[in-house]
>>> print(open('target.cif').read())   # mmCIF, C-alpha atoms
data_protein
#
loop_
_atom_site.label_atom_id
_atom_site.label_comp_id
_atom_site.auth_asym_id
_atom_site.auth_seq_id
_atom_site.Cartn_x
_atom_site.Cartn_y
_atom_site.Cartn_z
CA MET P 1412 1.88 -25.32 -52.57
CA THR P 1413 1.35 -22.14 -54.55
CA ILE P 1414 -0.18 -19.22 -52.70
CA PRO P 1415 -2.48 -17.23 -54.99
CA LEU P 1416 -1.55 -13.61 -55.47
CA ARG P 1417 -3.82 -10.89 -54.23
CA HIS P 1418 -5.32 -8.41 -56.61
CA GLY P 1419 -2.62 -6.02 -57.76
CA GLN P 1420 0.26 -7.98 -56.13
CA SER P 1421 3.40 -8.47 -58.17
CA ALA P 1422 4.76 -11.96 -58.72
CA ALA P 1423 8.32 -10.95 -57.82
CA ARG P 1424 9.44 -8.45 -55.23
CA PRO P 1425 12.35 -6.15 -56.06
CA ARG P 1426 15.52 -6.90 -54.13
CA ILE P 1427 16.41 -4.12 -51.76
CA SER P 1428 20.06 -3.28 -51.28
CA TRP P 1429 20.92 -1.48 -48.06
CA ARG P 1430 24.37 -0.56 -49.35
CA ALA P 1431 24.64 0.79 -52.84
CA THR P 1432 28.42 0.49 -53.07
CA PRO P 1433 30.56 -1.89 -51.09
CA VAL P 1434 32.99 -0.21 -48.69
CA ARG P 1435 36.22 -1.91 -47.86
CA GLY P 1436 36.37 -2.73 -44.16
CA GLY P 1437 32.85 -1.35 -43.63
CA ALA P 1438 31.67 -4.21 -41.38
CA ALA P 1439 34.63 -3.86 -39.03
CA LEU P 1440 34.19 -0.10 -38.93
CA ARG P 1441 30.52 -0.44 -38.04
CA ARG P 1442 31.31 -2.94 -35.29
CA ARG P 1443 33.91 -0.60 -33.87
CA GLU P 1444 31.48 2.33 -33.94
CA GLY P 1445 28.79 0.20 -32.32
CA LEU P 1446 31.08 -0.81 -29.48
CA ILE P 1447 32.06 2.80 -28.89
CA CYS P 1448 28.39 3.82 -28.75
CA ILE P 1449 27.58 1.03 -26.28
CA CYS P 1450 30.47 2.05 -24.02
CA LEU P 1451 29.38 5.68 -24.11
CA ILE P 1452 25.79 4.72 -23.23
CA ILE P 1453 26.90 2.53 -20.33
CA THR P 1454 29.16 5.29 -19.02
CA PHE P 1455 26.33 7.82 -19.25
CA LEU P 1456 23.79 5.60 -17.51
CA THR P 1457 26.25 4.78 -14.75
CA SER P 1458 26.97 8.44 -14.11
CA VAL P 1459 23.25 9.24 -14.10
CA GLY P 1460 22.57 6.38 -11.70
CA ARG P 1461 25.27 7.63 -9.33
CA ALA P 1462 23.92 11.14 -9.53
CA GLU P 1463 20.41 9.90 -8.75
CA GLU P 1464 21.71 7.85 -5.85
CA THR P 1465 23.53 10.86 -4.45
CA ALA P 1466 20.45 13.02 -4.88
CA THR P 1467 18.04 10.58 -3.30
CA THR P 1468 20.22 10.07 -0.24
CA GLN P 1469 19.82 13.75 0.59
CA PRO P 1470 16.15 14.20 1.55
CA ALA P 1471 14.59 17.60 1.17
CA HIS P 1472 14.13 19.73 4.26
CA TYR P 1473 10.91 21.65 4.82
CA THR P 1474 10.09 24.34 7.31
CA LYS P 1475 7.33 23.96 9.88
CA ALA P 1476 5.32 26.59 8.02
CA GLN P 1477 5.52 24.58 4.78
CA ILE P 1478 4.46 21.39 6.55
CA ASP P 1479 1.55 23.12 8.29
CA GLN P 1480 0.45 24.64 5.00
CA SER P 1481 0.50 21.24 3.31
CA ILE P 1482 -1.54 19.68 6.11
CA GLY P 1483 -4.00 22.57 5.89
CA ARG P 1484 -4.53 21.93 2.19
CA GLY P 1485 -5.19 18.28 3.00
CA VAL P 1486 -7.84 19.19 5.53
CA GLU P 1487 -9.46 21.58 3.06
CA PHE P 1488 -9.60 18.82 0.47
CA LEU P 1489 -11.24 16.35 2.86
CA VAL P 1490 -13.85 18.87 3.89
CA LYS P 1491 -14.61 19.73 0.28
CA ASP P 1492 -14.66 16.11 -0.90
CA GLN P 1493 -17.05 14.84 1.78
CA GLN P 1494 -20.38 13.63 0.42
CA PRO P 1495 -23.70 15.02 1.73
CA ALA P 1496 -24.41 11.81 3.66
CA GLY P 1497 -21.13 12.17 5.55
CA PHE P 1498 -18.94 9.59 3.82
CA TRP P 1499 -16.04 9.88 1.38
CA GLY P 1500 -15.83 8.15 -2.00
CA THR P 1501 -18.65 7.44 -4.42
CA GLY P 1502 -17.50 4.52 -6.54
CA LEU P 1503 -19.10 6.24 -9.53
CA GLU P 1504 -15.92 7.18 -11.39
CA THR P 1505 -14.40 4.45 -13.52
CA HIS P 1506 -11.23 4.55 -15.58
CA GLY P 1507 -10.99 1.00 -16.85
CA THR P 1508 -8.29 0.15 -14.32
CA GLU P 1509 -10.38 -0.88 -11.32
CA VAL P 1510 -9.21 -3.77 -9.17
CA TYR P 1511 -11.02 -7.10 -8.99
CA SER P 1512 -14.26 -6.26 -7.21
CA MET P 1513 -17.92 -7.06 -6.76
CA VAL P 1514 -20.98 -4.98 -5.92
CA PRO P 1515 -22.24 -3.94 -3.50
CA GLY P 1516 -19.87 -5.38 -0.90
CA THR P 1517 -16.64 -4.06 -2.37
CA LEU P 1518 -17.91 -0.50 -2.70
CA ASP P 1519 -19.39 -0.59 0.80
CA SER P 1520 -16.11 -1.85 2.27
CA PHE P 1521 -14.00 0.77 0.52
CA ARG P 1522 -16.44 3.55 1.42
CA ILE P 1523 -16.42 2.63 5.11
CA GLY P 1524 -12.66 2.19 5.24
CA THR P 1525 -12.06 5.47 3.43
CA SER P 1526 -14.45 7.36 5.69
CA ALA P 1527 -12.86 5.89 8.82
CA LEU P 1528 -9.41 7.08 7.74
CA CYS P 1529 -10.76 10.55 6.98
CA VAL P 1530 -12.49 10.78 10.36
CA ILE P 1531 -9.24 9.83 12.11
CA ALA P 1532 -7.31 12.49 10.21
CA LEU P 1533 -9.86 15.25 10.81
CA ARG P 1534 -10.12 14.49 14.53
CA GLU P 1535 -6.34 14.72 14.93
CA MET P 1536 -6.32 18.07 13.13
CA GLY P 1537 -9.11 19.49 15.28
CA GLU P 1538 -11.68 19.89 12.49
CA ARG P 1539 -15.15 19.31 13.94
CA THR P 1540 -17.90 19.86 11.38
CA ALA P 1541 -16.86 17.34 8.73
CA HIS P 1542 -15.49 15.04 11.43
CA ASP P 1543 -18.78 14.88 13.34
CA LYS P 1544 -20.71 14.30 10.14
CA GLY P 1545 -18.38 11.47 9.12
CA LEU P 1546 -18.50 9.93 12.57
CA GLU P 1547 -22.29 9.87 12.51
CA TYR P 1548 -22.14 8.03 9.19
CA LEU P 1549 -19.77 5.42 10.63
CA LEU P 1550 -22.03 4.88 13.64
CA THR P 1551 -25.14 4.30 11.54
CA VAL P 1552 -23.88 2.51 8.41
CA PRO P 1553 -24.56 -1.27 8.29
CA ASP P 1554 -21.60 -3.54 8.89
CA ALA P 1555 -19.48 -4.35 5.83
CA ARG P 1556 -20.12 -7.80 4.39
CA ARG P 1557 -17.97 -10.34 2.59
CA ASP P 1558 -18.67 -10.19 -1.13
CA THR P 1559 -17.96 -13.74 -2.24
CA GLY P 1560 -15.80 -16.63 -1.12
CA ASP P 1561 -12.69 -15.17 -2.72
CA LEU P 1562 -13.24 -11.45 -1.97
CA ILE P 1563 -12.71 -10.32 1.62
CA TYR P 1564 -12.28 -6.58 1.16
CA ASN P 1565 -14.52 -6.09 4.19
CA THR P 1566 -11.46 -6.76 6.37
CA TRP P 1567 -10.23 -3.26 5.48
CA ALA P 1568 -13.51 -1.77 6.66
CA HIS P 1569 -13.34 -3.71 9.95
CA ILE P 1570 -9.72 -2.70 10.59
CA TYR P 1571 -10.03 1.02 9.91
CA LEU P 1572 -13.46 1.35 11.50
CA LEU P 1573 -12.17 -0.29 14.67
CA GLN P 1574 -9.22 2.08 14.81
CA ALA P 1575 -11.45 5.10 14.24
CA MET P 1576 -13.79 4.05 17.05
CA ALA P 1577 -10.95 3.17 19.44
CA GLU P 1578 -9.25 6.53 18.96
CA GLU P 1579 -12.61 8.29 19.35
CA MET P 1580 -13.57 6.67 22.65
CA PRO P 1581 -11.35 8.76 24.96
CA HIS P 1582 -12.81 11.97 23.50
CA ASN P 1583 -16.45 11.08 22.95
CA PRO P 1584 -18.85 9.52 25.51
CA ASP P 1585 -21.35 8.32 22.88
CA PRO P 1586 -22.15 4.70 23.88
CA ARG P 1587 -22.61 3.72 20.25
CA ILE P 1588 -18.87 4.08 19.66
CA ARG P 1589 -17.97 1.26 22.05
CA LYS P 1590 -20.72 -0.94 20.64
CA VAL P 1591 -19.45 -0.53 17.05
CA ALA P 1592 -15.85 -1.12 18.15
CA GLN P 1593 -16.77 -4.37 19.92
CA ARG P 1594 -18.61 -5.53 16.81
CA GLU P 1595 -15.54 -4.85 14.66
CA ILE P 1596 -13.30 -6.83 16.98
CA GLN P 1597 -15.57 -9.85 16.55
CA ASP P 1598 -15.47 -9.33 12.78
CA LEU P 1599 -11.67 -9.41 12.86
CA VAL P 1600 -11.83 -12.66 14.80
CA ARG P 1601 -14.27 -14.10 12.30
CA PHE P 1602 -12.29 -13.14 9.18
CA SER P 1603 -8.78 -13.85 10.41
CA THR P 1604 -7.02 -16.50 8.34
CA TYR P 1605 -6.72 -20.10 9.50
CA MET P 1606 -3.20 -19.34 10.77
CA GLY P 1607 -3.82 -15.84 12.10
CA GLY P 1608 -3.48 -12.40 10.56
CA TRP P 1609 -5.60 -11.05 7.73
CA ASN P 1610 -5.83 -11.30 3.96
CA TYR P 1611 -8.30 -9.73 1.55
CA TYR P 1612 -8.47 -12.68 -0.88
CA ASP P 1613 -9.09 -16.39 -0.58
CA PHE P 1614 -8.50 -18.05 -3.92
CA GLU P 1615 -8.09 -21.49 -2.37
CA ALA P 1616 -10.85 -23.21 -0.36
CA GLN P 1617 -12.86 -20.01 0.32
CA THR P 1618 -13.60 -21.11 3.88
CA GLN P 1619 -15.07 -19.10 6.76
CA HIS P 1620 -11.60 -18.45 8.13
CA PRO P 1621 -9.75 -17.72 4.85
CA SER P 1622 -7.59 -20.62 3.68
CA MET P 1623 -4.83 -18.40 2.28
CA GLY P 1624 -2.08 -17.04 4.49
CA PRO P 1625 -2.14 -13.43 5.73
CA THR P 1626 -0.50 -10.44 4.07
CA SER P 1627 2.11 -8.50 5.98
CA PHE P 1628 0.52 -5.08 5.50
CA GLY P 1629 -3.01 -6.28 6.26
CA THR P 1630 -1.81 -7.99 9.40
CA ALA P 1631 0.15 -4.90 10.44
CA ALA P 1632 -2.92 -2.72 9.95
CA GLY P 1633 -5.03 -5.08 12.04
CA LEU P 1634 -2.47 -5.13 14.85
CA VAL P 1635 -2.36 -1.34 15.00
CA ALA P 1636 -6.15 -1.15 15.22
CA LEU P 1637 -6.28 -3.82 17.93
CA TYR P 1638 -3.57 -2.03 19.90
CA GLU P 1639 -5.59 1.18 19.86
CA ALA P 1640 -8.64 -0.83 20.92
CA ARG P 1641 -6.79 -2.29 23.88
CA GLN P 1642 -5.51 1.15 24.85
CA ALA P 1643 -9.12 2.37 24.84
CA GLY P 1644 -10.09 -0.33 27.34
CA LEU P 1645 -11.72 -2.80 24.97
CA ASP P 1646 -11.37 -6.55 25.41
CA VAL P 1647 -9.00 -7.82 22.71
CA PRO P 1648 -8.61 -11.63 22.37
CA GLU P 1649 -5.05 -12.61 23.27
CA LYS P 1650 -4.96 -15.48 20.80
CA LEU P 1651 -5.92 -13.16 17.95
CA THR P 1652 -3.03 -10.77 18.55
CA ARG P 1653 -0.52 -13.49 19.43
CA GLN P 1654 -1.07 -15.31 16.15
CA ALA P 1655 -0.98 -12.10 14.13
CA VAL P 1656 2.29 -10.97 15.73
CA ARG P 1657 3.82 -14.38 15.12
CA ARG P 1658 2.83 -14.36 11.44
CA LEU P 1659 4.24 -10.87 10.97
CA GLU P 1660 7.51 -11.88 12.62
CA GLU P 1661 7.78 -14.80 10.21
CA MET P 1662 7.35 -12.51 7.22
CA ARG P 1663 10.31 -10.29 8.14
CA LEU P 1664 13.29 -11.07 5.93
CA PRO P 1665 16.97 -10.92 6.98
CA ASN P 1666 17.44 -7.72 4.96
CA GLY P 1667 14.82 -5.94 7.09
CA VAL P 1668 11.87 -5.84 4.67
CA TYR P 1669 8.73 -7.96 4.75
CA LEU P 1670 7.23 -10.54 2.44
CA TYR P 1671 4.06 -9.56 0.62
CA GLY P 1672 2.35 -12.39 2.47
CA SER P 1673 3.14 -15.62 4.25
CA ASP P 1674 2.24 -17.62 1.13
CA TYR P 1675 5.23 -15.98 -0.60
CA LYS P 1676 7.89 -17.44 1.69
CA TYR P 1677 8.94 -20.01 -0.91
CA ILE P 1678 9.52 -17.32 -3.52
CA PRO P 1679 11.40 -14.68 -1.51
CA ARG P 1680 13.17 -13.28 -4.59
CA LEU P 1681 9.91 -12.29 -6.22
CA PRO P 1682 10.12 -8.57 -7.14
CA ALA P 1683 7.31 -7.76 -4.71
CA ASN P 1684 9.38 -9.23 -1.86
CA ARG P 1685 12.61 -7.38 -2.61
CA PRO P 1686 13.45 -3.96 -1.13
CA LYS P 1687 12.02 -2.01 -4.05
CA GLY P 1688 8.80 -3.96 -3.76
CA ALA P 1689 8.55 -3.87 0.02
CA VAL P 1690 9.74 -0.39 0.95
CA GLY P 1691 6.25 1.03 1.43
CA ARG P 1692 5.00 -1.64 3.85
CA THR P 1693 8.19 -2.14 5.86
CA GLN P 1694 7.81 0.69 8.37
CA THR P 1695 4.13 -0.12 8.78
CA ALA P 1696 5.04 -3.65 9.83
CA ASN P 1697 7.87 -2.38 12.04
CA TYR P 1698 5.46 -0.02 13.74
CA ALA P 1699 2.94 -2.77 14.43
CA LEU P 1700 5.56 -5.10 15.92
CA LYS P 1701 6.99 -2.28 18.01
CA LEU P 1702 3.57 -1.49 19.45
CA TRP P 1703 3.14 -5.10 20.55
CA GLY P 1704 6.51 -5.24 22.28
CA TRP P 1705 8.65 -7.06 19.74
CA ASP P 1706 12.16 -6.55 21.15
CA LYS P 1707 14.18 -7.38 18.03
CA LEU P 1708 13.74 -3.95 16.46
CA ASP P 1709 16.40 -1.56 17.69
CA ARG P 1710 16.95 2.04 16.68
CA GLN P 1711 19.48 1.13 14.00
CA LYS P 1712 17.13 -1.28 12.24
CA LEU P 1713 14.34 1.28 12.25
CA ARG P 1714 16.68 3.88 10.79
CA GLU P 1715 17.80 1.50 8.04
CA SER P 1716 14.19 0.84 7.11
CA LEU P 1717 13.48 4.56 6.94
CA ASP P 1718 16.55 5.09 4.76
CA LEU P 1719 15.03 2.76 2.15
CA LEU P 1720 12.45 5.45 1.46
CA THR P 1721 15.13 7.90 0.31
CA THR P 1722 17.83 5.71 -1.23
CA ARG P 1723 18.21 4.16 -4.63
CA ALA P 1724 18.28 0.67 -3.06
CA GLY P 1725 14.76 1.24 -1.83
CA CYS P 1726 13.72 2.91 -5.07
CA SER P 1727 12.70 6.28 -3.66
CA LYS P 1728 11.03 7.17 -6.95
CA CYS P 1729 8.88 4.05 -6.91
CA LEU P 1730 6.34 5.63 -4.59
CA SER P 1731 6.14 8.86 -6.58
CA PRO P 1732 4.29 7.82 -9.79
CA PRO P 1733 0.96 6.91 -8.10
CA ILE P 1734 0.63 10.33 -6.46
CA ARG P 1735 -2.24 12.34 -7.96
CA ARG P 1736 -3.16 9.39 -10.18
CA SER P 1737 -6.36 7.39 -9.95
CA MET P 1738 -4.93 4.21 -11.45
CA PRO P 1739 -4.41 1.48 -8.85
CA ARG P 1740 -1.04 -0.27 -8.76
CA SER P 1741 0.38 2.44 -11.03
CA SER P 1742 3.76 2.27 -9.33
CA SER P 1743 6.50 0.12 -10.80
CA PRO P 1744 5.94 -3.66 -10.52
CA LEU P 1745 9.12 -3.68 -8.44
CA CYS P 1746 7.67 -1.14 -6.08
CA CYS P 1747 5.73 -1.27 -2.90
CA ARG P 1748 2.71 -3.50 -3.26
CA THR P 1749 1.31 -1.87 -0.19
CA ARG P 1750 -1.27 -0.12 -2.29
CA SER P 1751 -4.51 0.63 -0.63
CA ARG P 1752 -7.73 1.43 -2.42
CA MET P 1753 -8.46 3.80 0.42
CA ALA P 1754 -5.14 5.53 1.13
CA ARG P 1755 -1.78 5.29 -0.60
CA GLY P 1756 1.56 5.08 1.17
CA GLY P 1757 3.23 2.91 3.76
CA ILE P 1758 2.00 4.81 6.80
CA SER P 1759 -1.43 5.58 5.37
CA ARG P 1760 -1.78 1.90 4.50
CA CYS P 1761 -2.09 1.24 8.23
CA GLY P 1762 -4.21 4.25 8.93
CA ILE P 1763 -1.45 5.50 11.22
CA SER P 1764 -1.08 9.22 11.74
CA THR P 1765 2.30 10.49 10.66
CA SER P 1766 2.63 12.61 13.79
CA ARG P 1767 2.08 9.63 16.09
CA THR P 1768 4.37 7.41 14.04
CA GLY P 1769 7.10 10.01 14.06
CA ARG P 1770 6.92 10.43 17.81
CA HIS P 1771 7.04 6.69 18.36
CA LEU P 1772 9.97 6.06 16.03
CA ARG P 1773 11.99 8.98 17.35
CA SER P 1774 11.57 7.87 20.98
#
>>> encode(input="target.cif", output="structure tokens")
Amino acid sequence: MTIPLRHGQSAARPRISWRATPVRGGAALRRREGLICICLIITFLTSVGRAEETATTQPAHYTKAQIDQSIGRGVEFLVKDQQPAGFWGTGLETHGTEVYSMVPGTLDSFRIGTSALCVIALREMGERTAHDKGLEYLLTVPDARRDTGDLIYNTWAHIYLLQAMAEEMPHNPDPRIRKVAQREIQDLVRFSTYMGGWNYYDFEAQTQHPSMGPTSFGTAAGLVALYEARQAGLDVPEKLTRQAVRRLEEMRLPNGVYLYGSDYKYIPRLPANRPKGAVGRTQTANYALKLWGWDKLDRQKLRESLDLLTTRAGCSKCLSPPIRRSMPRSSSPLCCRTRSRMARGGISRCGISTSRTGRHLRS
């Protein structure tokens, strides 16, 4: 078959010679030079990798004044970023990288969850004006709803709102706080998976109790909130916590990190389940199990999990790229899939205060 020539196309293309004059032994010389270059590159990358490993195993030390100043800037940002109605987050900025979502349920869930985390942080830092305004919003906003059969982002709102109310109860006699907290406990019962724990998707049967298994970080967050609720004197169903603890135990791998979710147990070598993919959620899960009396976590195991945050094995740089960026999941695919649309980071993912976590882990 003859292909017709385009307008102005020549019938024959000139033959291009990459070597004008043959050089005797040129091929062997080029192979030798190529091997030398490859060896030099490998040597360089190895030395750089060792240098990075050495650097990352020596965490930076900050003074108390530097830490206090950093926390102060965070409080200033929260106060400035609060919306007139008392909540945080608008859902009006888009960058083309938004996660799978639906309106209005997704935006409502994220707004409530975000605001709950901010109220917790401001209360712990002693800020009253923005805190009281945010608390009033949480006490009056309608309960978060499930978007569709496959989207259950409202679980984040129930978890963080429960924790905010439970931690508020010892300091605030407002009867509405207990009422909202009790409602959120029932929501967590209602939206727990068929086997216990919590997920935020149900791509399978889309049943009332989600038909997919729980995620490790979602279950850890729920357990922390329920622990705070029990400490505040609320009635927490024993079956709910027992199943969640059991599922979280099952997701802990022999190397000390946690599966992304229980449905991933047959693919444990998936990048998201390896240390670089699990470093951000590991201490969150450890913290939750420790709160509920799991006796298989000793001091050494907790220290090893913390070391993953600063060593090359745990990919200490994996958690750095998302900072100050609005793109979700902008960390490496091998990195912590703990990402939260409301707060980034392993501890923040659970809504746990760093001061409380530090005291607990050091004890």
>>> resolve_selection(input="target.cif", expression="the PyMOL selection byres ((chain P and resi 1552) around 12)", output="VMD selection string")
chain P and resid 1496 to 1498 1519 to 1520 1522 to 1524 1526 to 1527 1545 to 1551 1553 to 1556 1568 1572 1587 1591
>>> closest_residue(input="target.cif", among="P:His1569, P:Lys1707, P:Arg1539, P:Lys1687", to="Leu1720 (chain P)", atoms="only C-alpha atoms")
P:Lys1687
>>> residues_around(input="target.cif", residues="Phe1602 (chain P)", least_positions_apart="4", cutoff="12 Å", atoms="only C-alpha atoms", output="PyMOL selection string")
chain P and resi 1555-1557+1560+1562-1570+1595-1598+1606-1613+1617-1625+1629-1630+1633+1651
>>> atom_distance(input="target.cif", atom1="CA of Asp1646 (chain P)", atom2="CA of Ala1631 (chain P)")
19.0 Å
>>> closest_residue(input="target.cif", among="P:Gln1654, P:Ser1627, P:Thr1517, P:Thr1721", to="Tyr1669 (chain P)", atoms="all atoms listed in the file")
P:Ser1627
>>> atom_distance(input="target.cif", atom1="CA of Pro1686 (chain P)", atom2="CA of Met1662 (chain P)")
13.4 Å
